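The next block is input.txt, given as compact mmCIF, C-alpha atoms.
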```txt
# COMPACT_ATOMS: atom_id res chain seq x y z
CA MET K 1 83.71 99.89 144.18
CA TYR K 2 83.93 103.64 143.87
CA GLN K 3 86.19 105.69 141.61
CA PHE K 4 86.93 109.35 142.13
CA GLY K 5 89.45 111.93 141.01
CA ARG K 6 90.00 114.40 138.20
CA PHE K 7 89.90 113.87 134.44
CA GLY K 8 90.99 116.94 132.48
CA ALA K 9 88.67 119.76 133.65
CA GLY K 10 86.08 117.37 135.10
CA ASP K 11 85.53 115.17 138.12
CA ILE K 12 85.46 111.37 138.11
CA ARG K 13 82.59 109.91 140.15
CA ALA K 14 81.87 106.31 139.12
CA TRP K 15 80.84 103.08 140.87
CA ARG K 16 80.21 99.37 140.44
CA GLY K 17 78.48 96.77 142.61
CA ILE K 18 78.44 92.98 142.21
CA ALA K 19 76.47 90.28 144.02
CA ASN K 20 77.08 86.60 143.27
CA GLY K 21 75.36 83.69 144.98
CA TRP K 22 75.03 79.95 144.47
CA ARG K 23 73.61 76.81 145.98
CA THR K 24 75.14 73.36 145.46
CA TRP K 25 73.64 69.94 146.16
CA PRO K 26 76.75 67.71 146.43
CA THR K 27 74.85 64.57 147.45
CA VAL K 28 72.39 64.72 144.54
CA GLY K 29 73.26 62.97 141.26
CA TRP K 30 75.29 65.16 138.87
CA ARG K 31 75.93 67.59 141.79
CA PRO K 32 73.73 70.44 140.49
CA ARG K 33 74.61 74.03 141.34
CA ILE K 34 72.43 77.06 140.64
CA GLU K 35 74.07 80.45 140.44
CA GLY K 36 73.01 84.04 140.08
CA VAL K 37 74.96 87.22 139.37
CA VAL K 38 73.83 90.84 139.53
CA ASP K 39 76.45 93.31 138.31
CA ILE K 40 75.80 97.06 137.97
CA ALA K 41 78.32 99.65 136.74
CA SER K 42 77.62 103.38 136.40
CA GLY K 43 77.39 105.25 133.13
CA ASP K 44 77.93 108.88 132.14
CA LYS K 45 74.93 111.13 132.68
CA ASN K 46 75.93 113.89 130.25
CA ARG K 47 78.61 113.38 127.62
CA SER K 48 78.75 117.11 126.82
CA ASP K 49 80.02 118.10 130.29
CA ALA K 50 83.58 117.55 131.54
CA ASP K 51 82.58 115.17 134.37
CA LEU K 52 83.02 111.42 133.96
CA GLN K 53 80.61 108.95 135.60
CA THR K 54 81.29 105.83 133.49
CA PHE K 55 82.94 103.18 135.66
CA ASN K 56 86.36 102.09 134.35
CA SER K 57 87.07 98.45 135.21
CA LEU K 58 90.79 98.91 134.40
CA PHE K 59 91.93 95.27 133.97
CA GLN K 60 88.67 93.47 133.21
CA SER K 61 88.81 89.84 132.10
CA GLY K 62 87.15 88.86 128.86
CA THR K 63 84.40 86.75 130.38
CA TYR K 64 82.08 89.53 131.62
CA SER K 65 79.62 89.01 128.76
CA GLY K 66 80.61 85.45 127.89
CA ARG K 67 83.49 84.05 125.89
CA ALA K 68 82.40 86.10 122.88
CA GLN K 69 83.66 89.14 124.80
CA LEU K 70 81.07 91.49 123.38
CA LEU K 71 80.63 93.89 126.29
CA GLY K 72 82.59 95.14 129.25
CA PRO K 73 81.24 96.30 132.62
CA TYR K 74 80.77 99.97 131.75
CA ASN K 75 77.33 101.60 131.97
CA SER K 76 75.71 98.23 132.41
CA ILE K 77 73.31 96.18 134.45
CA ARG K 78 73.77 92.41 134.12
CA LEU K 79 71.50 89.77 135.57
CA GLU K 80 72.65 86.21 134.88
CA PRO K 81 71.11 83.04 136.33
CA SER K 82 72.79 79.72 135.48
CA ILE K 83 72.96 76.06 136.37
CA VAL K 84 75.96 73.71 136.40
CA VAL K 85 75.85 69.90 136.47
CA SER K 86 78.63 67.28 136.50
CA PRO K 87 77.51 64.12 134.70
CA TRP K 88 81.02 62.66 135.29
CA PRO K 89 83.64 63.60 137.88
CA THR K 90 85.85 65.31 135.27
CA VAL K 91 83.11 66.98 133.18
CA ALA K 92 80.99 70.04 134.00
CA VAL K 93 78.17 71.30 131.80
CA SER K 94 76.79 74.77 132.44
CA GLY K 95 73.98 76.76 130.94
CA GLY K 96 72.88 80.29 131.68
CA TRP K 97 71.13 83.31 130.30
CA GLY K 98 72.58 86.80 130.70
CA PHE K 99 70.30 89.84 130.49
CA TYR K 100 71.88 93.26 129.89
CA TRP K 101 70.62 96.82 130.31
CA ARG K 102 72.24 100.26 130.12
CA GLN K 103 72.59 101.77 133.58
CA ASP K 104 72.30 105.33 132.22
CA LEU K 105 70.20 106.15 129.16
CA HIS K 106 72.57 108.93 128.03
CA ASP K 107 75.60 106.65 127.69
CA GLY K 108 76.41 103.90 125.18
CA LEU K 109 77.84 100.39 125.40
CA TYR K 110 81.53 99.59 125.78
CA GLY K 111 83.85 96.72 124.89
CA ILE K 112 86.04 94.79 127.33
CA SER K 113 88.87 97.35 127.03
CA GLY K 114 86.56 100.34 127.60
CA ASN K 115 86.19 101.41 123.97
CA LEU K 116 82.76 102.76 122.97
CA ILE K 117 81.23 100.19 120.60
CA VAL K 118 77.58 101.30 120.49
CA PRO K 119 77.05 105.03 120.98
CA SER K 120 73.81 106.24 122.53
CA ASN K 121 72.92 108.40 119.50
CA GLY K 122 69.84 109.49 121.45
CA ALA K 123 68.32 106.01 121.02
CA PRO K 124 65.69 105.22 123.63
CA GLY K 125 65.53 102.03 125.59
CA ARG K 126 67.54 100.62 128.44
CA PHE K 127 67.40 96.92 127.42
CA GLU K 128 70.54 96.01 125.47
CA GLY K 129 69.81 92.33 124.90
CA SER K 130 70.21 88.82 126.23
CA ARG K 131 72.63 85.98 125.68
CA PRO K 132 71.99 82.31 126.42
CA THR K 133 75.20 80.34 126.85
CA VAL K 134 76.18 76.69 127.17
CA GLN K 135 79.65 75.52 128.17
CA VAL K 136 81.31 72.13 128.58
CA ASP K 137 84.51 71.82 130.64
CA TRP K 138 86.52 68.58 130.69
CA GLN K 139 89.47 68.08 133.03
CA VAL K 140 91.43 65.65 130.84
CA SER K 141 94.33 65.27 133.28
CA ARG K 142 95.85 67.11 136.22
CA HIS K 143 97.36 69.71 133.87
CA LEU K 144 95.20 69.56 130.72
CA SER K 145 91.61 70.74 130.29
CA ALA K 146 89.41 71.15 127.22
CA HIS K 147 86.48 73.55 126.92
CA VAL K 148 83.83 74.62 124.44
CA ASN K 149 81.41 77.53 124.83
CA TYR K 150 78.42 78.51 122.71
CA ILE K 151 76.68 81.88 122.96
CA TYR K 152 73.73 83.29 121.05
CA VAL K 153 73.03 87.04 121.04
CA PHE K 154 69.54 88.53 121.02
CA ASN K 155 69.69 92.31 120.50
CA GLY K 156 67.37 94.42 122.63
CA HIS K 157 65.48 97.59 121.78
CA PHE K 158 68.47 99.89 122.36
CA GLU K 159 70.78 98.09 119.91
CA GLU K 160 68.01 97.66 117.35
CA THR K 161 67.35 101.42 117.29
CA SER K 162 70.94 102.69 117.63
CA VAL K 163 73.31 101.18 115.05
CA HIS K 164 73.03 97.41 114.85
CA GLY K 165 69.51 96.87 113.60
CA THR K 166 67.82 93.56 114.29
CA SER K 167 70.74 91.27 113.52
CA THR K 168 71.56 88.45 115.89
CA MET K 169 74.86 86.63 116.29
CA SER K 170 76.15 83.35 117.60
CA PHE K 171 79.64 82.33 118.64
CA ILE K 172 81.37 79.06 119.40
CA SER K 173 84.65 79.12 121.29
CA PRO K 174 86.71 75.97 121.83
CA TRP K 175 90.00 76.12 123.75
CA ILE K 176 92.50 73.95 125.55
CA SER K 177 94.37 74.92 128.73
CA TYR K 178 97.59 73.45 130.01
CA ARG K 179 98.56 74.44 133.55
CA PHE K 180 101.97 73.73 135.05
```
Using the file provided, produce a representation of the structure as structure tokens.
Amino acid sequence: MYQFGRFGAGDIRAWRGIANGWRTWPTVGWRPRIEGVVDIASGDKNRSDADLQTFNSLFQSGTYSGRAQLLGPYNSIRLEPSIVVSPWPTVAVSGGWGFYWRQDLHDGLYGISGNLIVPSNGAPGRFEGSRPTVQVDWQVSRHLSAHVNYIYVFNGHFEETSVHGTSTMSFISPWISYRF
């Protein structure tokens, strides 16, 4: 994806690239599937000039950085391997580990909606952190499904030296979906 245009007195030149691959073994017990995602979105090279290079994902869903919705795809590099197994026909259990870096060292980290949540503040380091996740999905009936997701956040060097310190976080997100 490439974005271009004008923003105030500056030019918009931003990009994003995504590669997603998987391999499924449907004849093996529990039907294992391994997946991998690489997602890179540009960041701003110089916040004091009028040009804008941070990719704007416009209508991004909340699952870019897991159900905890900590980060959006702005100035980021995400590498996320995962595995999914189905111990029963209506239940899927997945586990993965997302690794996150800043694409440009002069830009900060952004939330799902594009708001700046961790400014660069001149902090060195590209590695933002990693997040292991586990999720269970149960298709209760044709219309009803139940889910629970757990995510643990390990802060990387950039977040430790910018504003967050060495704190870690964990989130659990249960939800039910009814589809007509």
Top pick for closest residue to Arg78 of chain K, considering K:Ser177, K:Thr90, K:Ser130, K:Thr161 and counting only C-alpha atoms:
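Ranking K:Ser177, K:Thr90, K:Ser130, K:Thr161 by distance to Arg78 of chain K, first place goes to K:Ser130.
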Which one is closest to Ser48 of chain K: K:Met1, K:Pro87, K:Asp107, K:Ser170? Count all atoms listed in the file.
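Selected residue with least distance to Ser48 of chain K: K:Asp107.
With all atoms listed in the file as the basis for measurement, K:Val134 is the residue among K:Ala19, K:Val84, K:Val134, K:Met169 that approaches His147 of chain K most closely.
Comparing the minimum interatomic distances between Ile34 of chain K and each of K:Tyr74, K:Trp22, K:Phe180, K:Phe127, counting all atoms listed in the file, we find that K:Trp22 sits nearest.
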I'd like the contact shell of Thr133 of chain K - 7 Å cut-off, only C-alpha atoms, skipping same-chain residues fewer than 4 positions apart - returned as a PyMOL selection string.
chain K and resi 95-97+150-152
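Considering the residues K:Ala123, K:Val93, K:Ala14, K:Leu144 and counting only C-alpha atoms, Ser57 of chain K has its shortest atom-to-atom contact with K:Ala14.
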Which of these, K:Gly5, K:Glu80, K:Thr24, K:Gln53, has the shortest distance to Asp39 of chain K once you count all atoms listed in the file?
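Looking only at the distances to Asp39 of chain K, the closest residue turns out to be K:Glu80.
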Contact residues around Ser113 of chain K with all atoms listed in the file at 8 Å, ignoring same-chain residues under 5 positions, as a VMD selection string:
chain K and resid 58 to 60 72
